[in-house]
>>> print(open('work_19.cif').read())   # mmCIF, C-alpha atoms and all ligand atoms
data_start
#
loop_
_atom_site.label_atom_id
_atom_site.label_comp_id
_atom_site.auth_asym_id
_atom_site.auth_seq_id
_atom_site.Cartn_x
_atom_site.Cartn_y
_atom_site.Cartn_z
CA MET A 1 42.06 150.58 102.27
CA ASP A 2 43.46 149.27 105.52
CA ASP A 3 40.88 146.51 105.53
CA GLN A 4 41.67 145.53 101.98
CA ARG A 5 45.40 145.28 102.74
CA SER A 6 44.89 143.31 105.93
CA THR A 7 42.33 140.89 104.62
CA PRO A 8 44.73 138.57 102.82
CA GLU A 9 46.98 138.42 105.92
CA ARG A 10 44.11 137.47 108.10
CA SER A 11 42.91 134.82 105.77
CA SER A 12 46.38 133.31 105.53
CA ARG A 13 46.81 133.35 109.29
CA HIS A 14 43.45 131.99 110.16
CA GLY A 15 42.55 130.00 107.06
CA ILE A 16 45.41 127.49 107.21
CA PRO A 17 44.95 125.54 110.47
CA SER A 18 41.78 123.54 110.12
CA GLY A 19 41.73 122.23 106.53
CA THR A 20 45.36 122.57 105.44
CA PHE A 21 46.99 120.91 108.43
CA VAL A 22 44.80 117.84 108.03
CA ALA A 23 45.57 117.66 104.30
CA GLY A 24 49.28 118.32 104.95
CA GLY A 25 49.45 115.54 107.51
CA PHE A 26 47.81 113.13 105.12
CA ILE A 27 50.30 114.00 102.34
CA LEU A 28 53.21 113.57 104.76
CA LEU A 29 51.89 110.13 105.68
CA LEU A 30 51.67 109.19 101.99
CA ILE A 31 55.27 110.37 101.43
CA LEU A 32 56.52 108.31 104.37
CA ILE A 33 54.74 105.21 103.08
CA GLY A 34 56.32 105.82 99.68
CA ILE A 35 59.84 106.13 101.12
CA VAL A 36 59.55 102.96 103.19
CA ALA A 37 58.10 101.01 100.26
CA GLY A 38 60.93 102.30 98.07
CA MET A 39 63.55 101.15 100.57
CA PHE A 40 62.09 97.66 100.59
CA ARG A 41 62.04 97.61 96.79
CA SER A 42 65.68 98.75 96.51
CA GLY A 43 66.72 96.24 99.12
CA THR A 44 68.24 98.73 101.53
CA LEU A 45 66.10 97.45 104.38
CA SER A 46 66.72 93.81 103.65
CA MET A 47 70.46 93.38 103.23
CA PRO A 48 71.73 91.64 106.33
CA GLY A 49 75.30 91.36 105.04
CA MET A 50 75.79 95.03 104.35
CA ASP A 51 76.95 97.36 107.04
CA MET A 52 77.09 100.80 105.49
CA ASN A 53 78.88 102.11 108.58
CA SER A 54 81.75 99.68 108.49
CA GLY A 55 83.05 100.74 105.07
CA ALA A 56 85.64 98.08 104.52
CA ALA A 57 83.52 95.11 105.49
CA GLY A 58 80.83 95.75 102.89
CA MET A 59 79.39 92.45 101.83
CA ALA A 60 80.57 89.57 103.93
CA PRO A 61 80.75 86.31 102.06
CA THR A 62 79.41 83.19 103.72
CA ALA A 63 81.32 79.96 103.96
CA SER A 64 79.58 78.71 100.84
CA GLY A 65 81.04 81.58 98.87
CA ALA A 66 77.68 83.20 98.30
CA THR A 67 77.34 86.78 99.35
CA GLU A 68 74.99 87.45 102.20
CA GLY A 69 72.17 89.85 101.66
CA THR A 70 71.80 89.17 98.01
CA MET A 71 68.57 87.21 98.13
CA ASP A 72 66.58 90.33 98.83
CA MET A 73 67.89 92.40 95.95
CA PRO A 74 65.63 92.00 92.93
CA GLY A 75 67.40 91.89 89.61
CA MET A 76 70.70 90.87 91.13
CA ASP A 77 71.86 87.32 90.81
CA MET A 78 75.06 87.15 92.79
CA GLY A 79 75.77 83.48 92.32
CA SER A 80 74.55 82.86 88.82
CA GLU A 81 76.61 81.20 86.15
CA GLU A 82 74.26 82.80 83.66
CA MET A 83 75.78 86.27 84.05
CA SER A 84 72.30 87.69 84.29
CA GLY A 85 71.97 90.72 86.46
CA MET A 86 75.01 91.56 88.51
CA ASP A 87 77.61 88.88 88.95
CA MET A 88 79.47 89.67 92.13
CA ARG A 89 80.97 86.28 92.88
CA PRO A 90 84.39 86.57 94.46
CA VAL A 91 87.29 85.52 92.26
CA ASP A 92 88.10 81.85 92.67
CA VAL A 93 91.88 81.76 93.03
CA THR A 94 92.12 77.98 93.34
CA ASP A 95 94.94 76.87 91.00
CA ALA A 96 95.71 80.49 90.06
CA PRO A 97 99.41 81.31 89.65
CA VAL A 98 100.97 83.66 92.17
CA ALA A 99 102.78 86.62 90.62
CA ASP A 100 106.08 87.75 92.10
CA SER A 101 105.18 90.11 94.94
CA GLU A 102 107.53 92.71 93.42
CA ALA A 103 106.00 92.42 89.95
CA ARG A 104 104.59 95.57 88.40
CA GLY A 105 101.92 96.01 85.80
CA ASN A 106 102.09 97.89 82.53
CA GLN A 107 105.42 96.29 81.55
CA PRO A 108 106.37 96.57 77.85
CA LEU A 109 105.12 93.66 75.76
CA GLU A 110 107.81 92.74 73.24
CA PRO A 111 106.51 91.85 69.80
CA THR A 112 108.00 89.43 67.34
CA ILE A 113 108.30 90.84 63.86
CA ALA A 114 106.80 88.74 61.07
CA GLU A 115 108.45 88.60 57.64
CA ASP A 116 106.05 91.19 56.28
CA GLY A 117 106.86 93.54 59.16
CA THR A 118 103.69 92.85 61.13
CA LYS A 119 104.23 93.19 64.89
CA GLU A 120 102.92 90.08 66.59
CA PHE A 121 101.90 90.09 70.24
CA GLU A 122 100.75 87.27 72.51
CA LEU A 123 98.02 88.03 75.03
CA MET A 124 96.54 85.58 77.50
CA ALA A 125 93.66 86.23 79.88
CA GLY A 126 93.66 84.31 83.15
CA VAL A 127 93.28 84.46 86.90
CA VAL A 128 96.31 85.55 88.92
CA ARG A 129 97.08 86.18 92.58
CA TRP A 130 98.71 89.60 92.70
CA ASN A 131 100.10 91.78 95.49
CA ILE A 132 98.92 95.35 95.35
CA LEU A 133 100.72 95.87 98.69
CA PRO A 134 103.16 93.57 100.52
CA ASP A 135 100.35 92.33 102.77
CA VAL A 136 97.40 92.68 100.42
CA GLU A 137 96.85 90.12 97.69
CA ILE A 138 94.05 90.30 95.16
CA GLY A 139 92.59 87.66 92.92
CA ALA A 140 92.54 89.37 89.55
CA PHE A 141 91.46 88.66 86.01
CA ALA A 142 94.59 89.69 84.17
CA TYR A 143 96.34 89.76 80.82
CA ASN A 144 99.65 87.84 80.83
CA ASP A 145 99.46 87.52 84.64
CA GLN A 146 99.96 91.28 84.97
CA VAL A 147 97.88 93.93 86.75
CA SER A 148 97.40 96.13 84.82
CA GLY A 149 98.02 94.26 81.56
CA PRO A 150 101.27 94.69 79.64
CA GLU A 151 101.75 97.90 77.68
CA ILE A 152 101.51 97.38 73.94
CA ARG A 153 103.61 100.01 72.21
CA VAL A 154 103.56 100.51 68.48
CA THR A 155 104.35 103.18 65.93
CA GLN A 156 101.55 104.82 64.00
CA GLY A 157 100.98 102.87 60.79
CA ASP A 158 102.14 99.52 62.21
CA ALA A 159 100.31 96.38 61.19
CA VAL A 160 99.70 94.31 64.31
CA ARG A 161 98.55 90.77 64.97
CA ILE A 162 97.51 89.84 68.50
CA ARG A 163 97.18 86.15 69.23
CA PHE A 164 94.80 85.86 72.13
CA THR A 165 94.21 82.85 74.37
CA ASN A 166 91.53 82.67 77.03
CA THR A 167 92.40 80.66 80.14
CA LEU A 168 89.70 82.30 82.27
CA PRO A 169 86.83 80.19 83.60
CA GLU A 170 84.45 82.33 81.53
CA ALA A 171 84.13 83.64 77.97
CA THR A 172 85.69 86.97 77.04
CA SER A 173 86.95 89.12 74.15
CA ILE A 174 89.29 92.11 73.72
CA HIS A 175 88.18 95.54 72.60
CA TRP A 176 90.74 98.02 71.24
CA HIS A 177 89.43 101.17 72.83
CA GLY A 178 89.53 104.24 70.59
CA LEU A 179 91.15 102.64 67.56
CA ILE A 180 89.87 102.94 64.00
CA LEU A 181 89.78 99.37 62.73
CA PRO A 182 87.61 96.90 60.81
CA ASN A 183 84.37 96.20 62.67
CA GLU A 184 85.06 92.47 62.98
CA MET A 185 88.26 93.30 64.91
CA ASP A 186 86.48 95.56 67.42
CA GLY A 187 86.20 92.80 69.99
CA ALA A 188 82.64 93.45 71.15
CA SER A 189 81.33 90.08 72.34
CA ASP A 190 78.00 89.02 70.87
CA VAL A 191 78.02 92.06 68.59
CA THR A 192 81.08 91.86 66.34
CA GLN A 193 82.35 88.41 67.33
CA ASP A 194 81.45 85.32 69.28
CA PRO A 195 82.98 85.50 72.74
CA VAL A 196 86.17 83.47 73.15
CA GLU A 197 85.23 80.50 75.30
CA PRO A 198 87.51 79.17 78.08
CA GLY A 199 90.45 77.49 76.35
CA GLY A 200 89.65 79.26 73.09
CA THR A 201 91.76 81.54 70.94
CA PHE A 202 91.21 84.48 68.63
CA VAL A 203 93.53 86.44 66.37
CA TYR A 204 93.08 90.20 66.19
CA GLU A 205 94.65 91.79 63.17
CA PHE A 206 94.58 95.45 62.16
CA THR A 207 96.68 98.47 61.31
CA VAL A 208 97.11 101.13 63.97
CA GLU A 209 96.24 104.27 62.03
CA GLN A 210 96.28 106.72 64.92
CA ALA A 211 98.90 107.98 67.32
CA GLY A 212 98.23 108.54 71.00
CA THR A 213 97.30 106.88 74.27
CA TYR A 214 94.75 104.08 73.89
CA PHE A 215 93.92 100.96 75.83
CA TYR A 216 92.53 97.49 75.45
CA HIS A 217 90.00 95.81 77.69
CA THR A 218 87.49 93.00 77.91
CA HIS A 219 84.19 93.51 76.13
CA LYS A 220 82.26 90.67 77.73
CA SER A 221 80.54 90.85 81.14
CA VAL A 222 82.37 94.13 81.50
CA ASP A 223 80.93 95.13 84.87
CA ARG A 224 82.58 92.04 86.28
CA GLN A 225 85.59 91.36 84.06
CA GLN A 226 86.89 94.89 83.64
CA ALA A 227 86.42 95.59 87.34
CA LEU A 228 88.56 92.52 88.02
CA GLY A 229 91.49 93.80 86.00
CA LEU A 230 91.11 92.98 82.30
CA TYR A 231 92.68 96.10 80.79
CA GLY A 232 96.04 97.41 79.64
CA ALA A 233 97.55 100.44 77.89
CA LEU A 234 98.19 100.67 74.17
CA ILE A 235 100.50 103.49 73.16
CA SER A 236 100.95 104.46 69.54
CA GLU A 237 103.87 106.77 68.93
CA PRO A 238 103.58 109.20 66.04
CA LYS A 239 105.77 108.32 63.07
CA VAL A 240 107.38 111.71 63.34
CA TRP A 241 106.71 113.93 66.32
CA ALA A 242 105.30 117.20 64.96
CA THR A 243 108.34 118.94 66.39
CA GLU A 244 111.05 117.23 68.38
CA LYS A 245 109.77 114.79 70.99
CA PRO A 246 108.30 117.45 73.29
CA PHE A 247 109.16 115.86 76.64
CA ASP A 248 112.15 114.40 78.47
CA GLN A 249 110.44 111.38 79.95
CA GLU A 250 107.00 109.81 80.11
CA TYR A 251 105.00 107.67 82.47
CA THR A 252 101.73 105.80 81.91
CA LEU A 253 99.31 105.61 84.85
CA VAL A 254 96.69 102.88 84.47
CA LEU A 255 94.17 103.49 87.26
CA GLY A 256 92.59 100.48 88.98
CA GLU A 257 89.91 99.98 91.65
CA TRP A 258 89.44 96.93 93.85
CA LYS A 259 86.86 95.60 96.24
CA ILE A 260 88.41 93.30 98.81
CA ASP A 261 86.12 91.87 101.48
CA ASP A 262 87.02 91.05 105.06
CA GLN A 263 87.77 87.46 104.04
CA GLY A 264 90.44 88.72 101.66
CA GLN A 265 88.39 87.80 98.61
CA THR A 266 88.30 90.03 95.55
CA LEU A 267 84.91 91.04 94.21
CA PRO A 268 84.22 93.27 91.25
CA ALA A 269 83.88 96.86 92.44
CA MET A 270 80.59 98.23 91.19
CA ASN A 271 78.63 101.40 91.53
CA GLN A 272 75.52 99.47 92.47
CA ALA A 273 74.74 97.75 95.75
CA GLY A 274 77.31 99.76 97.65
CA ALA A 275 80.13 97.58 96.32
CA PHE A 276 82.45 100.53 96.20
CA PRO A 277 86.16 99.86 95.91
CA ASN A 278 88.32 100.04 99.02
CA PHE A 279 91.72 99.72 97.33
CA PHE A 280 93.11 101.64 94.35
CA THR A 281 96.13 101.04 92.16
CA ILE A 282 98.40 102.72 89.63
CA ASN A 283 99.79 100.01 87.34
CA GLY A 284 98.74 97.35 89.83
CA LYS A 285 100.29 98.84 92.98
CA SER A 286 98.83 100.93 95.80
CA TYR A 287 100.91 103.71 97.38
CA PRO A 288 103.45 103.46 98.98
CA GLU A 289 104.26 100.60 96.58
CA THR A 290 103.61 102.74 93.49
CA GLU A 291 106.67 103.76 91.51
CA THR A 292 108.64 106.90 92.36
CA ILE A 293 109.78 108.80 89.30
CA THR A 294 113.05 110.70 89.43
CA ALA A 295 113.65 113.89 87.47
CA THR A 296 115.82 116.97 87.46
CA VAL A 297 114.62 120.56 87.59
CA GLY A 298 113.59 121.65 84.11
CA ASP A 299 112.52 118.17 82.98
CA ARG A 300 109.25 118.03 81.10
CA ILE A 301 107.39 114.81 81.87
CA ARG A 302 104.42 113.46 79.95
CA PHE A 303 101.94 111.62 82.15
CA ARG A 304 99.46 109.42 80.32
CA PHE A 305 96.40 108.88 82.51
CA VAL A 306 94.23 105.91 81.54
CA GLY A 307 90.71 105.67 83.01
CA SER A 308 90.58 101.91 82.83
CA GLY A 309 88.04 101.18 85.56
CA GLN A 310 84.52 102.41 86.17
CA PHE A 311 85.06 105.18 88.69
CA ILE A 312 86.11 108.79 88.19
CA HIS A 313 89.46 110.14 89.38
CA PRO A 314 90.37 113.84 89.50
CA MET A 315 94.14 113.45 89.15
CA HIS A 316 96.15 116.27 90.66
CA ILE A 317 99.86 117.08 90.52
CA HIS A 318 101.67 119.16 93.13
CA GLY A 319 104.41 121.68 92.41
CA GLY A 320 102.93 123.54 89.46
CA PRO A 321 100.46 123.23 86.62
CA PHE A 322 100.49 120.92 83.63
CA GLU A 323 99.29 121.29 80.07
CA ILE A 324 96.70 118.92 78.60
CA VAL A 325 98.33 117.96 75.31
CA GLU A 326 96.20 114.99 74.22
CA THR A 327 92.66 113.88 75.01
CA ASP A 328 91.63 110.32 74.24
CA GLY A 329 94.69 109.98 72.02
CA ASN A 330 93.96 113.09 70.00
CA LEU A 331 96.50 115.90 69.89
CA VAL A 332 95.14 119.15 71.33
CA PRO A 333 96.16 122.04 69.03
CA GLU A 334 98.64 124.38 70.72
CA GLY A 335 96.21 127.31 71.00
CA ALA A 336 93.48 125.16 72.56
CA ARG A 337 95.45 123.51 75.36
CA LEU A 338 94.23 123.93 78.90
CA THR A 339 96.72 124.60 81.65
CA LYS A 340 95.47 122.99 84.86
CA ASP A 341 96.70 121.18 87.94
CA THR A 342 93.80 118.71 88.20
CA VAL A 343 92.16 116.72 85.44
CA LEU A 344 89.08 114.55 85.86
CA VAL A 345 89.80 111.15 84.35
CA GLY A 346 86.52 109.33 83.76
CA PRO A 347 85.91 105.72 82.76
CA GLY A 348 87.30 105.11 79.28
CA GLU A 349 89.08 108.47 79.09
CA ARG A 350 92.74 109.17 78.53
CA TYR A 351 94.48 112.43 79.24
CA ASP A 352 98.09 113.10 78.31
CA VAL A 353 99.44 115.98 80.35
CA GLU A 354 102.90 117.52 80.34
CA TRP A 355 104.35 118.84 83.57
CA THR A 356 107.61 120.66 84.07
CA ALA A 357 109.60 120.07 87.24
CA LEU A 358 110.10 123.60 88.57
CA GLN A 359 111.42 123.02 92.06
CA PRO A 360 113.44 120.26 93.71
CA GLY A 361 111.66 118.03 96.19
CA ARG A 362 109.14 115.25 96.52
CA TRP A 363 106.04 116.14 94.51
CA LEU A 364 102.83 114.17 94.73
CA ILE A 365 100.55 112.94 91.97
CA HIS A 366 97.27 111.79 93.44
CA CYS A 367 93.55 111.43 92.98
CA HIS A 368 91.54 114.13 94.71
CA ILE A 369 88.68 111.90 95.85
CA ASN A 370 90.08 111.49 99.30
CA ASP A 371 89.08 107.91 100.01
CA HIS A 372 90.86 106.96 96.76
CA VAL A 373 94.13 107.96 98.43
CA THR A 374 93.73 105.51 101.29
CA ASN A 375 94.27 101.78 101.55
CA ASN A 376 90.97 100.48 102.90
CA GLY A 377 90.40 103.82 104.59
CA VAL A 378 93.89 104.03 106.07
CA GLU A 379 96.48 106.65 105.13
CA VAL A 380 100.03 105.28 104.96
CA GLU A 381 103.16 107.43 104.60
CA GLY A 382 101.05 110.43 103.64
CA GLY A 383 98.79 108.78 101.13
CA GLY A 384 97.56 105.49 99.75
CA GLY A 385 95.94 104.01 96.66
CA LEU A 386 96.15 106.47 93.79
CA THR A 387 99.23 108.30 95.01
CA MET A 388 102.74 108.42 93.60
CA ILE A 389 105.78 110.64 93.97
CA VAL A 390 108.01 112.52 91.55
CA GLU A 391 111.38 113.10 93.15
CA VAL A 392 113.00 116.15 91.62
CA THR A 393 116.64 117.08 92.16
CA LEU A 394 118.64 120.10 90.99
CU CU B 1 89.98 108.58 92.46
#
>>> encode(input="work_19.cif", output="structure tokens")
Amino acid sequence: MDDQRSTPERSSRHGIPSGTFVAGGFILLLILIGIVAGMFRSGTLSMPGMDMNSGAAGMAPTASGATEGTMDMPGMDMGSEEMSGMDMRPVDVTDAPVADSEARGNQPLEPTIAEDGTKEFELMAGVVRWNILPDVEIGAFAYNDQVSGPEIRVTQGDAVRIRFTNTLPEATSIHWHGLILPNEMDGASDVTQDPVEPGGTFVYEFTVEQAGTYFYHTHKSVDRQQALGLYGALISEPKVWATEKPFDQEYTLVLGEWKIDDQGQTLPAMNQAGAFPNFFTINGKSYPETETITATVGDRIRFRFVGSGQFIHPMHIHGGPFEIVETDGNLVPEGARLTKDTVLVGPGERYDVEWTALQPGRWLIHCHINDHVTNNGVEVEGGGGLTMIVEVTL
């Protein structure tokens, strides 16, 4: 019996060395070859312009405006006019207007009312030089020279007409994200309409059937154009609030991400190629330039988070929990509402949360991805980027 029990142990102790180690070594060698070959294929071993340890520097542009290190990355055409592959050209701000350094995004866009009651809005897409901080200027693709674009506010049931003009150096179109509307008004370039060429116009016309927090954004070359700022909030107020208006004040937070290189040029922030953003904005401003909201104890504030970029942001509020009252514009029934203090706002998502000011003081709202609350990796006045303050008094 003893022999039978010990036999397997012996064979495992003495059987491994000769054959298995040789085979194991050979497999290890194959794995190493595979890894190195993979690195060459993905370009990580052949990108001279990228310094993964320097963070902010990222891709350094050359004098010619081309981005170094791009020649070795198959599938990526950094300088192409064709928009094939990834188009990471920096924004050309030559001749671009300079917005007032104090200007804020998400300002109300006043409509004119047509005879039949239709609300008419003017939207223009163009390049603008915009300060996200007093000493940091971006070159953005923007609607009406605003980062983020102006807030379109309507009442549920309104007929709207949006006269759009494209002054960008490239074709574009506007998609009305989340709205029920005729397919030909959906704004998807090359699918539901021809893209609007530079200098071109298009009239969008539909009835806003829903209430809630929506947004509009480019639907052409989105990985470039949306990353460069072509988005804005669209708020549809219910004709009659189910009860009384359930909050004392409201604030829309349009979340933006920016990639600024060490030459001060703006490139589209992308998930690929390590082109991660190094600046972040709420309505076009980085903290400490973001707005400070004032409230009194007992105030119920609705925050409308808009995931307008292509990165995720777990938005957190200090000083007590909030209730998620609407998701993607849809009212959450009372019995199904989550009470939380952090909500993950993904690309394209909207969350309306209501928060009650319980204690006096300076309460933070901020993203919980910690480099998203820095300005190029630097914390300023206790935060940065996606940070703002609610100042509550008794
Ligand atoms: Cu974030």
>>> residues_near_ligand(input="work_19.cif", ligand="ligand CU 1 (chain B)", cutoff="8 Å", atoms="all atoms listed in the file", output="MDAnalysis selection string")
chainID A and resid 280 311:315 367:373 386
>>> closest_residue(input="work_19.cif", among="A:Thr207, A:Thr290, A:Ser236, A:Thr339", to="Glu354 of chain A", atoms="only C-alpha atoms")
A:Thr339
>>> closest_residue(input="work_19.cif", among="A:Thr192, A:Gln272, A:Thr252, A:Asn278", to="Asp352 of chain A", atoms="only C-alpha atoms")
A:Thr252
>>> closest_residue(input="work_19.cif", among="A:Thr393, A:Ser173, A:Ser308, A:Gln265", to="Ile282 of chain A", atoms="only C-alpha atoms")
A:Ser308
>>> atom_distance(input="work_19.cif", atom1="atom CA of Ala140 of chain A", atom2="atom CA of Leu228 of chain A")
5.3 Å
>>> residues_near_point(input="work_19.cif", point="(96.2, 77.4, 89.8)", cutoff="10 Å", atoms="only C-alpha atoms", output="VMD selection string")
chain A and resid 92 to 98 126 to 129
>>> closest_residue(input="work_19.cif", among="A:Gly329, A:Gly309, A:Gly384, A:Gly361", to="Asn271 of chain A", atoms="all atoms listed in the file")
A:Gly309
>>> atom_distance(input="work_19.cif", atom1="atom CA of Phe121 of chain A", atom2="atom CA of Arg163 of chain A")
6.2 Å
>>> residues_near_point(input="work_19.cif", point="(105.7, 91.6, 96.0)", cutoff="7 Å", atoms="only C-alpha atoms", output="JSON, numbers by chain")
{"A": [100, 101, 102, 103, 131, 134]}
>>> residues_around(input="work_19.cif", residues="Lys259 of chain A", least_positions_apart="4", cutoff="10 Å", atoms="all atoms listed in the file", output="PyMOL selection string")
chain A and resi 56-59+90+138+227-228+264-270+275-280+376
>>> atom_distance(input="work_19.cif", atom1="atom CA of Asp158 of chain A", atom2="atom CA of Val240 of chain A")
13.3 Å
>>> closest_residue(input="work_19.cif", among="A:Thr172, A:Glu291, A:Thr213, A:Ile235", to="Glu326 of chain A", atoms="only C-alpha atoms")
A:Thr213
>>> closest_residue(input="work_19.cif", among="A:Ala233, A:Ile260, A:Val203, A:Ile152", to="Val136 of chain A", atoms="all atoms listed in the file")
A:Ile260
>>> residues_around(input="work_19.cif", residues="Asn330 of chain A", least_positions_apart="5", cutoff="9 Å", atoms="all atoms listed in the file", output="list in words")
Gln210, Ala211, Gly212, Thr213 and Val325 of chain A
>>> build_atoms(input="work_19.cif", residues="segment 192-203 of chain A", atoms="N, CA and C atoms", output="PDB file, in the frame of the given file")
ATOM      1  N   THR A 192      80.204  91.961  67.515  1.00  0.00           N
ATOM      2  CA  THR A 192      81.080  91.860  66.340  1.00  0.00           C
ATOM      3  C   THR A 192      81.803  90.519  66.277  1.00  0.00           C
ATOM      4  N   GLN A 193      81.719  89.745  67.335  1.00  0.00           N
ATOM      5  CA  GLN A 193      82.350  88.410  67.330  1.00  0.00           C
ATOM      6  C   GLN A 193      81.700  87.540  68.390  1.00  0.00           C
ATOM      7  N   ASP A 194      81.864  86.229  68.214  1.00  0.00           N
ATOM      8  CA  ASP A 194      81.450  85.320  69.280  1.00  0.00           C
ATOM      9  C   ASP A 194      82.476  85.463  70.397  1.00  0.00           C
ATOM     10  N   PRO A 195      82.010  85.443  71.656  1.00  0.00           N
ATOM     11  CA  PRO A 195      82.980  85.500  72.740  1.00  0.00           C
ATOM     12  C   PRO A 195      83.945  84.307  72.677  1.00  0.00           C
ATOM     13  N   VAL A 196      85.155  84.539  73.138  1.00  0.00           N
ATOM     14  CA  VAL A 196      86.170  83.470  73.150  1.00  0.00           C
ATOM     15  C   VAL A 196      85.938  82.629  74.395  1.00  0.00           C
ATOM     16  N   GLU A 197      85.570  81.383  74.184  1.00  0.00           N
ATOM     17  CA  GLU A 197      85.230  80.500  75.300  1.00  0.00           C
ATOM     18  C   GLU A 197      86.495  80.120  76.079  1.00  0.00           C
ATOM     19  N   PRO A 198      86.341  79.636  77.326  1.00  0.00           N
ATOM     20  CA  PRO A 198      87.510  79.170  78.080  1.00  0.00           C
ATOM     21  C   PRO A 198      88.305  78.150  77.247  1.00  0.00           C
ATOM     22  N   GLY A 199      89.604  78.367  77.150  1.00  0.00           N
ATOM     23  CA  GLY A 199      90.450  77.490  76.350  1.00  0.00           C
ATOM     24  C   GLY A 199      90.525  77.897  74.888  1.00  0.00           C
ATOM     25  N   GLY A 200      89.713  78.855  74.489  1.00  0.00           N
ATOM     26  CA  GLY A 200      89.650  79.260  73.090  1.00  0.00           C
ATOM     27  C   GLY A 200      90.687  80.307  72.729  1.00  0.00           C
ATOM     28  N   THR A 201      90.811  80.541  71.422  1.00  0.00           N
ATOM     29  CA  THR A 201      91.760  81.540  70.940  1.00  0.00           C
ATOM     30  C   THR A 201      91.081  82.442  69.909  1.00  0.00           C
ATOM     31  N   PHE A 202      91.696  83.565  69.661  1.00  0.00           N
ATOM     32  CA  PHE A 202      91.210  84.480  68.630  1.00  0.00           C
ATOM     33  C   PHE A 202      92.401  85.314  68.175  1.00  0.00           C
ATOM     34  N   VAL A 203      92.437  85.609  66.877  1.00  0.00           N
ATOM     35  CA  VAL A 203      93.530  86.440  66.370  1.00  0.00           C
ATOM     36  C   VAL A 203      92.965  87.790  65.930  1.00  0.00           C
TER      37      VAL A 203
END
